[in-house]
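The structure file work-v5.cif is reproduced below (mmCIF, C-alpha atoms and all ligand atoms).
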data_final
loop_
_atom_site.label_atom_id
_atom_site.label_comp_id
_atom_site.auth_asym_id
_atom_site.auth_seq_id
_atom_site.Cartn_x
_atom_site.Cartn_y
_atom_site.Cartn_z
CA MET A 1442 21.34 20.43 -15.86
CA SER A 1443 24.45 18.86 -17.33
CA LEU A 1444 27.12 17.54 -14.97
CA THR A 1445 29.58 16.98 -17.84
CA GLU A 1446 33.19 16.74 -16.58
CA LYS A 1447 31.93 16.18 -13.01
CA VAL A 1448 32.98 13.05 -11.12
CA ALA A 1449 30.75 11.47 -8.46
CA LEU A 1450 31.38 8.74 -5.88
CA VAL A 1451 28.30 6.94 -4.49
CA THR A 1452 28.60 4.50 -1.58
CA GLY A 1453 26.05 1.71 -1.53
CA GLY A 1454 25.42 2.49 -5.19
CA ALA A 1455 24.87 -1.06 -6.45
CA GLN A 1456 21.18 -1.32 -5.51
CA GLY A 1457 18.23 0.51 -3.97
CA ILE A 1458 18.42 4.28 -3.50
CA GLY A 1459 22.12 4.46 -4.42
CA ARG A 1460 21.49 2.66 -7.72
CA ALA A 1461 18.72 5.13 -8.64
CA VAL A 1462 21.04 8.04 -7.85
CA VAL A 1463 23.84 6.55 -9.98
CA GLN A 1464 21.38 6.27 -12.88
CA SER A 1465 20.36 9.94 -12.53
CA LEU A 1466 23.97 11.09 -12.33
CA LEU A 1467 24.84 9.19 -15.53
CA GLN A 1468 21.76 10.63 -17.25
CA SER A 1469 23.19 14.07 -16.37
CA SER A 1470 26.51 13.11 -18.02
CA ALA A 1471 28.59 12.77 -14.82
CA LYS A 1472 31.23 10.06 -14.46
CA VAL A 1473 30.26 7.80 -11.54
CA VAL A 1474 32.16 5.48 -9.21
CA VAL A 1475 29.95 2.94 -7.44
CA VAL A 1476 31.47 1.88 -4.11
CA ASP A 1477 29.71 -1.16 -2.67
CA LEU A 1478 30.33 -4.24 -0.55
CA ASN A 1479 28.28 -6.52 -2.78
CA LYS A 1480 30.58 -7.69 -5.62
CA ALA A 1481 27.99 -9.62 -7.64
CA CYS A 1482 25.43 -6.82 -7.45
CA GLY A 1483 28.07 -4.16 -8.22
CA GLU A 1484 29.39 -6.00 -11.28
CA GLN A 1485 25.88 -6.60 -12.59
CA CYS A 1486 25.01 -2.95 -12.00
CA LYS A 1487 28.12 -1.77 -13.90
CA ALA A 1488 27.39 -4.12 -16.83
CA GLN A 1489 23.81 -2.77 -17.11
CA LEU A 1490 24.98 0.85 -16.89
CA ASP A 1491 27.76 0.28 -19.46
CA ALA A 1492 25.13 -1.11 -21.84
CA GLU A 1493 22.89 1.91 -21.28
CA PHE A 1494 25.42 4.77 -21.06
CA GLY A 1495 28.51 3.38 -22.80
CA GLU A 1496 31.75 2.09 -21.30
CA GLY A 1497 34.10 4.41 -19.43
CA ASN A 1498 31.41 6.41 -17.62
CA CYS A 1499 30.90 4.15 -14.62
CA THR A 1500 33.30 2.17 -12.45
CA PHE A 1501 32.58 -0.32 -9.67
CA ILE A 1502 34.88 -0.60 -6.67
CA GLN A 1503 34.17 -3.36 -4.18
CA CYS A 1504 34.70 -1.89 -0.72
CA ASP A 1505 33.35 -2.23 2.80
CA VAL A 1506 32.85 1.41 3.81
CA SER A 1507 33.38 0.48 7.45
CA ASP A 1508 37.01 -0.39 6.58
CA GLY A 1509 38.56 3.08 6.74
CA ASP A 1510 41.70 2.15 4.78
CA ALA A 1511 39.65 0.50 2.02
CA LEU A 1512 37.41 3.56 1.80
CA GLN A 1513 40.47 5.81 1.57
CA ASP A 1514 41.79 3.62 -1.28
CA ALA A 1515 38.42 3.85 -3.08
CA PHE A 1516 38.56 7.66 -3.00
CA GLN A 1517 42.17 7.63 -4.23
CA SER A 1518 41.34 5.17 -7.05
CA THR A 1519 38.50 7.46 -8.14
CA VAL A 1520 40.81 10.44 -8.43
CA ASP A 1521 43.53 8.33 -10.07
CA GLN A 1522 41.07 7.13 -12.71
CA PHE A 1523 39.05 10.28 -13.42
CA GLY A 1524 41.49 13.01 -12.31
CA ARG A 1525 39.11 14.80 -9.96
CA LEU A 1526 36.19 14.46 -7.53
CA ASP A 1527 33.15 16.78 -7.37
CA ILE A 1528 30.20 14.94 -5.80
CA VAL A 1529 30.19 12.45 -2.89
CA ILE A 1530 27.04 10.63 -1.76
CA ASN A 1531 27.51 8.82 1.57
CA ASN A 1532 24.53 6.51 1.13
CA ALA A 1533 25.52 2.97 2.22
CA GLY A 1534 23.46 1.89 5.20
CA ILE A 1535 22.19 -1.17 7.05
CA ALA A 1536 19.50 -1.91 9.64
CA ASN A 1537 20.93 -4.51 11.99
CA GLU A 1538 19.92 -4.19 15.62
CA LYS A 1539 21.48 -7.53 16.53
CA ASN A 1540 24.94 -6.46 15.35
CA TRP A 1541 24.31 -2.88 16.41
CA GLU A 1542 28.01 -1.99 16.56
CA LYS A 1543 28.23 -2.72 12.81
CA THR A 1544 25.19 -0.50 12.22
CA ILE A 1545 26.99 2.37 13.94
CA GLN A 1546 30.15 1.69 11.88
CA VAL A 1547 28.34 1.62 8.52
CA ASN A 1548 25.64 4.25 9.09
CA LEU A 1549 27.55 6.83 11.12
CA THR A 1550 31.33 6.25 11.36
CA SER A 1551 31.63 5.62 7.61
CA VAL A 1552 29.58 8.72 6.81
CA ILE A 1553 31.96 10.78 8.96
CA LYS A 1554 35.01 9.14 7.36
CA GLY A 1555 33.48 9.54 3.87
CA THR A 1556 32.87 13.24 4.54
CA TYR A 1557 36.46 13.82 5.74
CA LEU A 1558 37.88 11.93 2.73
CA ALA A 1559 35.62 13.91 0.40
CA LEU A 1560 36.94 17.14 1.89
CA GLU A 1561 40.56 16.00 1.39
CA HIS A 1562 39.82 15.62 -2.32
CA MET A 1563 37.48 18.61 -2.82
CA SER A 1564 38.02 21.31 -0.18
CA LYS A 1565 39.81 24.58 -0.94
CA GLU A 1566 41.61 23.95 2.40
CA TYR A 1567 43.48 21.18 0.55
CA GLY A 1568 44.00 23.30 -2.58
CA LYS A 1569 41.08 21.65 -4.41
CA GLU A 1570 38.24 23.24 -6.40
CA GLY A 1571 35.25 22.59 -4.12
CA GLY A 1572 32.30 20.25 -4.56
CA THR A 1573 29.24 18.87 -2.84
CA ILE A 1574 28.56 16.13 -0.26
CA ILE A 1575 25.21 14.53 0.53
CA ASN A 1576 24.82 12.30 3.56
CA VAL A 1577 21.83 9.98 3.71
CA SER A 1578 19.84 9.97 6.95
CA SER A 1579 16.19 8.92 7.33
CA MET A 1580 12.78 10.08 8.53
CA ALA A 1581 13.58 7.72 11.41
CA ALA A 1582 15.58 10.68 12.75
CA PHE A 1583 12.29 12.56 13.20
CA LEU A 1584 9.76 9.78 13.87
CA HIS A 1585 11.38 7.04 15.91
CA SER A 1586 10.15 3.50 16.32
CA PRO A 1587 10.98 0.87 18.99
CA HIS A 1588 11.72 -1.46 16.10
CA GLN A 1589 15.13 0.09 15.33
CA PRO A 1590 16.71 2.07 18.19
CA VAL A 1591 20.33 1.99 17.04
CA TYR A 1592 19.43 2.64 13.37
CA THR A 1593 17.46 5.66 14.62
CA ALA A 1594 20.41 6.88 16.70
CA THR A 1595 22.77 6.70 13.72
CA LYS A 1596 20.37 8.68 11.54
CA HIS A 1597 20.09 11.41 14.22
CA GLY A 1598 23.88 11.45 14.29
CA VAL A 1599 24.16 11.89 10.53
CA ILE A 1600 21.99 15.02 10.67
CA GLY A 1601 23.90 16.60 13.57
CA PHE A 1602 27.29 15.85 12.00
CA THR A 1603 26.25 17.14 8.58
CA ARG A 1604 24.80 20.42 9.86
CA ALA A 1605 27.88 21.10 11.98
CA MET A 1606 30.21 20.37 9.06
CA ALA A 1607 28.14 22.59 6.76
CA ASP A 1608 28.72 25.45 9.22
CA ALA A 1609 32.45 24.67 9.33
CA SER A 1610 32.52 24.70 5.54
CA ILE A 1611 31.01 28.20 5.44
CA GLN A 1612 33.19 29.57 8.22
CA ASP A 1613 36.46 28.19 6.81
CA ASP A 1614 35.49 28.59 3.14
CA TYR A 1615 35.92 24.94 2.09
CA GLY A 1616 33.98 25.65 -1.11
CA VAL A 1617 32.06 22.44 -0.41
CA ARG A 1618 28.28 22.32 0.17
CA ILE A 1619 27.25 19.64 2.67
CA ASN A 1620 23.60 18.59 2.92
CA VAL A 1621 21.53 15.71 4.31
CA LEU A 1622 18.62 13.77 2.84
CA CYS A 1623 15.97 12.02 4.96
CA PRO A 1624 13.65 9.67 3.06
CA ALA A 1625 10.59 7.99 4.59
CA PHE A 1626 9.96 4.34 3.59
CA VAL A 1627 11.48 3.50 0.20
CA ASP A 1628 10.89 0.31 -1.77
CA THR A 1629 14.37 -1.28 -1.59
CA PRO A 1630 15.82 -4.57 -0.31
CA LEU A 1631 16.74 -2.81 2.98
CA LEU A 1632 13.08 -2.19 3.79
CA HIS A 1633 12.36 -5.91 3.63
CA SER A 1634 15.43 -6.85 5.71
CA VAL A 1635 13.82 -5.37 8.83
CA GLU A 1636 11.35 -8.25 9.05
CA ASP A 1637 14.05 -10.82 9.94
CA GLU A 1638 15.03 -11.82 13.46
CA GLU A 1639 18.53 -12.33 12.08
CA ASN A 1640 18.78 -8.53 11.62
CA MET A 1641 16.49 -7.12 14.27
CA GLY A 1642 17.12 -9.48 17.21
CA LYS A 1643 14.57 -9.07 20.01
CA PHE A 1644 13.14 -5.93 18.37
CA VAL A 1645 11.65 -8.06 15.59
CA LYS A 1646 8.53 -8.32 17.77
CA TYR A 1647 7.65 -4.77 16.66
CA LYS A 1648 7.71 -5.62 12.98
CA ASP A 1649 3.93 -5.73 12.59
CA ASP A 1650 3.61 -2.16 13.94
CA PHE A 1651 6.37 -1.12 11.55
CA LYS A 1652 4.57 -2.72 8.61
CA ARG A 1653 1.30 -1.00 9.65
CA SER A 1654 3.21 2.27 9.63
CA MET A 1655 4.34 1.51 6.08
CA THR A 1656 0.74 0.97 5.03
CA LYS A 1657 -0.33 4.18 6.80
CA PHE A 1658 2.43 6.45 5.44
CA GLY A 1659 3.06 4.76 2.10
CA VAL A 1660 6.25 3.59 0.41
CA LEU A 1661 8.27 5.80 -1.95
CA LYS A 1662 9.99 4.81 -5.19
CA PRO A 1663 13.81 5.13 -5.32
CA SER A 1664 13.44 7.40 -8.38
CA LEU A 1665 11.86 10.14 -6.22
CA ILE A 1666 14.78 9.98 -3.80
CA ALA A 1667 17.14 10.34 -6.77
CA GLU A 1668 15.16 13.42 -7.86
CA GLY A 1669 15.65 14.98 -4.42
CA MET A 1670 19.34 14.06 -4.49
CA MET A 1671 19.80 15.75 -7.88
CA ARG A 1672 18.21 18.90 -6.46
CA LEU A 1673 20.69 18.91 -3.56
CA ILE A 1674 23.52 18.37 -6.05
CA THR A 1675 22.54 21.12 -8.49
CA ASP A 1676 20.99 23.85 -6.29
CA THR A 1677 24.09 25.83 -5.33
CA SER A 1678 22.17 27.85 -2.73
CA LEU A 1679 21.83 24.80 -0.45
CA ASN A 1680 24.27 24.15 2.41
CA GLY A 1681 23.36 22.55 5.76
CA ALA A 1682 19.91 21.78 4.37
CA VAL A 1683 17.88 18.86 5.74
CA MET A 1684 15.74 17.54 2.90
CA LYS A 1685 12.82 15.28 3.82
CA ILE A 1686 10.96 13.12 1.31
CA THR A 1687 7.60 11.66 2.27
CA CYS A 1688 4.50 10.42 0.45
CA SER A 1689 2.30 13.12 1.97
CA LYS A 1690 4.53 16.15 1.30
CA GLY A 1691 6.94 14.95 -1.39
CA ILE A 1692 10.32 16.71 -1.45
CA HIS A 1693 10.51 19.40 1.23
CA PHE A 1694 12.86 20.83 3.85
CA HIS A 1695 12.99 20.64 7.64
CA THR A 1696 13.24 24.06 9.24
CA TYR A 1697 15.02 24.85 12.51
CA GLU A 1698 14.77 27.76 14.93
CA PRO A 1699 17.71 30.13 14.45
CA MET A 1700 20.45 29.50 17.02
CA SER A 1701 20.45 32.02 19.87
CA ALA A 1702 23.57 33.05 21.78
N1 LIG A 1801 14.80 1.96 2.14
C1 LIG A 1801 14.30 2.81 3.02
O1 LIG A 1801 13.12 2.73 3.40
C2 LIG A 1801 15.15 3.91 3.57
C3 LIG A 1801 16.52 3.93 3.44
N2 LIG A 1801 17.24 4.96 3.98
C4 LIG A 1801 18.69 4.99 3.87
O2 LIG A 1801 19.06 5.03 2.50
C5 LIG A 1801 20.34 4.43 2.34
C6 LIG A 1801 20.28 3.39 1.24
O3 LIG A 1801 19.36 2.41 1.63
P1 LIG A 1801 18.62 1.42 0.63
O4 LIG A 1801 18.91 1.77 -0.75
O5 LIG A 1801 17.24 1.33 1.10
O6 LIG A 1801 19.36 0.07 1.02
P2 LIG A 1801 19.74 -1.21 0.14
O7 LIG A 1801 20.04 -2.29 1.12
O8 LIG A 1801 18.74 -1.44 -0.89
O9 LIG A 1801 21.10 -0.74 -0.56
C7 LIG A 1801 22.21 -0.43 0.23
C8 LIG A 1801 23.47 -0.71 -0.52
O10 LIG A 1801 24.55 -0.45 0.39
C9 LIG A 1801 25.48 -1.53 0.30
N3 LIG A 1801 26.20 -1.68 1.56
C10 LIG A 1801 25.71 -2.15 2.73
N4 LIG A 1801 26.69 -2.20 3.64
C11 LIG A 1801 27.81 -1.74 3.03
C12 LIG A 1801 29.14 -1.58 3.44
N5 LIG A 1801 29.54 -1.91 4.68
N6 LIG A 1801 30.04 -1.10 2.55
C13 LIG A 1801 29.66 -0.78 1.29
N7 LIG A 1801 28.41 -0.93 0.83
C14 LIG A 1801 27.50 -1.41 1.70
C15 LIG A 1801 24.65 -2.75 -0.04
O11 LIG A 1801 25.44 -3.77 -0.63
C16 LIG A 1801 23.61 -2.17 -0.98
O12 LIG A 1801 24.04 -2.22 -2.31
C17 LIG A 1801 20.72 3.87 3.70
O13 LIG A 1801 21.58 4.76 4.36
C18 LIG A 1801 19.39 3.79 4.42
O14 LIG A 1801 19.54 3.84 5.81
C19 LIG A 1801 16.65 5.99 4.64
C20 LIG A 1801 15.31 6.01 4.80
C21 LIG A 1801 14.46 4.99 4.28
C1 LIG A 1802 15.57 0.31 7.88
C2 LIG A 1802 15.00 0.83 6.66
C3 LIG A 1802 13.73 1.45 6.87
C4 LIG A 1802 13.88 2.80 7.40
C5 LIG A 1802 12.76 3.54 6.92
C6 LIG A 1802 12.53 4.70 7.74
O1 LIG A 1802 13.20 5.69 7.59
C7 LIG A 1802 11.51 4.57 8.66
C8 LIG A 1802 11.19 5.47 9.54
C9 LIG A 1802 10.05 5.23 10.39
C10 LIG A 1802 10.33 5.15 11.85
O2 LIG A 1802 11.05 4.04 12.18
C11 LIG A 1802 8.96 5.18 12.44
C12 LIG A 1802 8.18 5.92 11.46
O3 LIG A 1802 7.03 6.22 11.59
C13 LIG A 1802 9.04 6.30 10.35
C14 LIG A 1802 8.34 6.44 9.04
C15 LIG A 1802 7.97 7.82 8.88
C16 LIG A 1802 7.29 8.15 7.63
C17 LIG A 1802 6.60 9.44 7.91
C18 LIG A 1802 5.91 10.04 6.77
C19 LIG A 1802 5.10 11.20 7.25
C20 LIG A 1802 4.36 11.89 6.19
O4 LIG A 1802 4.04 11.33 5.16
O5 LIG A 1802 4.06 13.06 6.42
#
For this file, produce the structure as structure tokens.
Ligand SMILES: NC(=O)C1=CN([C@@H]2O[C@H](COP(=O)(O)OP(=O)(O)OC[C@H]3O[C@@H](n4cnc5c(N)ncnc54)[C@H](O)[C@@H]3O)[C@@H](O)[C@H]2O)C=CC1
Ligand SMILES: CCCCCC(=O)/C=C/[C@H]1[C@H](O)CC(=O)[C@@H]1CCCCCCC(=O)O
Amino acid sequence: MSLTEKVALVTGGAQGIGRAVVQSLLQSSAKVVVVDLNKACGEQCKAQLDAEFGEGNCTFIQCDVSDGDALQDAFQSTVDQFGRLDIVINNAGIANEKNWEKTIQVNLTSVIKGTYLALEHMSKEYGKEGGTIINVSSMAAFLHSPHQPVYTATKHGVIGFTRAMADASIQDDYGVRINVLCPAFVDTPLLHSVEDEENMGKFVKYKDDFKRSMTKFGVLKPSLIAEGMMRLITDTSLNGAVMKITCSKGIHFHTYEPMSA
């Protein structure tokens, strides 16, 4: 499906899962803004994508998503440059149990802020044309581990927030679909960062169990996560959906009991 004329903003898009998603969006002819903290990685990513897709299709904005004003400026710059916004992927995430407050800021607060900013630029409530938001959670929200308690809490939070906002979008006719994606282990730099005491603090003692779990459940390629993301972007029937991606079942959806009064 062509996303010609569509404009996407991807946080944490310079490497890992975000980078794979940016690649897929460009392959579908969208314009893409990569918002990332890592300047060197972001500039290298943009240079590679310019070489592959031509200049003018991809922009890099250096930004710490946990800085609310900077994130607001990144959204505004996107609209100033490309004239519109259609797709927002709140993907940036860290796993730092030592600086757990930062983990909450990046993984949860910034996802909430990124969703509200996306709505300001896309919702019919603000006179805009609609769009789609995908928030990145994790299978850690379903299968917890003592290795990463705060990371797990943030990923639970992302699901609850996203589902509630998806309901609000339907009830108040925002014209914006809001979904959440939960990958199992994915082969990215983040997955290796959880072996360091510097990141995990006292919980690093559980790292061998965590690694055994990786061997047991397998490790996914970022390209499969990008495939799931593209399905959430293009399937207009999906709102409030919780997509899981695992080695055993591939791309599938979590189902919930209907809410009773
Ligand atoms: N790799 C895995 O096994 C899994 C990852 N996830 C989630 O997927 C998302 C992406 O993770 P990966 O690609 O694996 O990580 P990664 O570490 O490979 O890439 C994350 C990107 O986010 C950027 N970033 C980090 N903090 C930032 C900040 N404050 N502001 C702006 N950019 C920032 C980094 O510079 C990096 O480019 C995260 O939300 C993560 O929790 C979910 C399940 C499994
Ligand atoms: C910090 C980056 C790594 C986060 C990766 C992740 O999401 C890990 C989740 C694990 C949790 O901490 C304990 C687990 O067992 C989770 C992995 C679950 C994979 C389940 C796959 C099941 C299946 O294949 O059916």
Next on the checklist: Using Å and a single decimal, report how far atom CA of Ala1625 of chain A sits from atom CA of Leu1526 of chain A.
Outcome noted: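 Atom-to-atom, atom CA of Leu1526 of chain A to atom CA of Ala1625 of chain A, that is 29.1 Å.
The space between atom CA of Ala1594 of chain A and atom CA of Glu1636 of chain A spans 19.2 Å.
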Checklist entry - Quick one: residues within 10 Å of ligand LIG 1802 (chain A), with only C-alpha atoms and all ligand atoms, as JSON, numbers by chain? => result {"A": [1534, 1535, 1536, 1537, 1538, 1578, 1579, 1580, 1581, 1582, 1583, 1584, 1585, 1586, 1587, 1588, 1589, 1590, 1592, 1593, 1596, 1623, 1624, 1625, 1626, 1627, 1628, 1629, 1630, 1631, 1632, 1633, 1634, 1635, 1636, 1641, 1650, 1651, 1652, 1653, 1654, 1655, 1657, 1658, 1659, 1660, 1661, 1685, 1686, 1687, 1688, 1689, 1690, 1691]}
Checklist entry - What is the distance, in Å and to one decimal place, between atom CA of Ser1678 of chain A and atom CA of Val1552 of chain A? => result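 Atom CA of Ser1678 of chain A sits 22.6 Å away from atom CA of Val1552 of chain A.
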Item to check | Of the listed residues A:Gln1513, A:Ser1507, A:Thr1573, A:Ser1664, that which approaches Ile1545 of chain A most closely, counting only C-alpha atoms | outcome: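 Closest to Ile1545 of chain A of all the choices is A:Ser1507.
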Checklist outcome for this item: With distances taken over only C-alpha atoms and all ligand atoms, the candidate from A:Leu1512, A:Leu1560, A:Val1448, A:Val1547 nearest ligand LIG 1801 (chain A) is A:Val1547
Checklist entry - Quick one: residues within 8 Å of Val1462 of chain A, all atoms listed in the file counted, chain neighbours fewer than 6 positions away excluded, as an MDAnalysis selection string? => result chainID A and resid 1454 1664 1666:1668 1670:1671
Got time to write the residues from that selection, C-alpha atoms, as a PDB file, in the frame of the given file?
ATOM      1  CA  GLY A1454      25.420   2.490  -5.190  1.00  0.00           C
ATOM      2  CA  SER A1664      13.440   7.400  -8.380  1.00  0.00           C
ATOM      3  CA  ILE A1666      14.780   9.980  -3.800  1.00  0.00           C
ATOM      4  CA  ALA A1667      17.140  10.340  -6.770  1.00  0.00           C
ATOM      5  CA  GLU A1668      15.160  13.420  -7.860  1.00  0.00           C
ATOM      6  CA  MET A1670      19.340  14.060  -4.490  1.00  0.00           C
ATOM      7  CA  MET A1671      19.800  15.750  -7.880  1.00  0.00           C
TER       8      MET A1671
END
For His1562 of chain A, find every residue with an atom within 10 Å (counting only C-alpha atoms), except residues of its own chain fewer than 5 positions away, and show them as a PDB file with C-alpha atoms, in the coordinates of the input.
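This went into part-v7.pdb:
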ATOM      1  CA  PHE A1516      38.560   7.660  -3.000  1.00  0.00           C
ATOM      2  CA  GLN A1517      42.170   7.630  -4.230  1.00  0.00           C
ATOM      3  CA  VAL A1520      40.810  10.440  -8.430  1.00  0.00           C
ATOM      4  CA  ARG A1525      39.110  14.800  -9.960  1.00  0.00           C
ATOM      5  CA  LEU A1526      36.190  14.460  -7.530  1.00  0.00           C
ATOM      6  CA  ASP A1527      33.150  16.780  -7.370  1.00  0.00           C
ATOM      7  CA  TYR A1557      36.460  13.820   5.740  1.00  0.00           C
ATOM      8  CA  TYR A1567      43.480  21.180   0.550  1.00  0.00           C
ATOM      9  CA  GLY A1568      44.000  23.300  -2.580  1.00  0.00           C
ATOM     10  CA  LYS A1569      41.080  21.650  -4.410  1.00  0.00           C
ATOM     11  CA  GLU A1570      38.240  23.240  -6.400  1.00  0.00           C
ATOM     12  CA  GLY A1571      35.250  22.590  -4.120  1.00  0.00           C
ATOM     13  CA  GLY A1572      32.300  20.250  -4.560  1.00  0.00           C
TER      14      GLY A1572
END
Next on the checklist: Here is a test: counting only C-alpha atoms, which residue of A:Asp1614, A:Glu1561, A:Asp1505, A:Asp1477 is nearest to Gly1457 of chain A?
Outcome noted: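 Of A:Asp1614, A:Glu1561, A:Asp1505, A:Asp1477, the one nearest Gly1457 of chain A is A:Asp1477, counting only C-alpha atoms.
Proximity of A:Leu1679, A:Val1475, A:Ile1574, A:Leu1558 to Gly1459 of chain A, computed with all atoms listed in the file, is greatest for A:Val1475.
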Checklist outcome for this item: Shortest contact to Met1606 of chain A, candidates A:Thr1445, A:Thr1550, A:Gln1503, A:Asn1680, atoms counted only C-alpha atoms, goes to A:Asn1680
Next on the checklist: Counting all atoms listed in the file, which residue out of A:Ile1528, A:Cys1499, A:Leu1549, A:Ala1605 sits closest to ligand LIG 1801 (chain A)?
Outcome noted: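 Closest to ligand LIG 1801 (chain A), using all atoms listed in the file: A:Leu1549.
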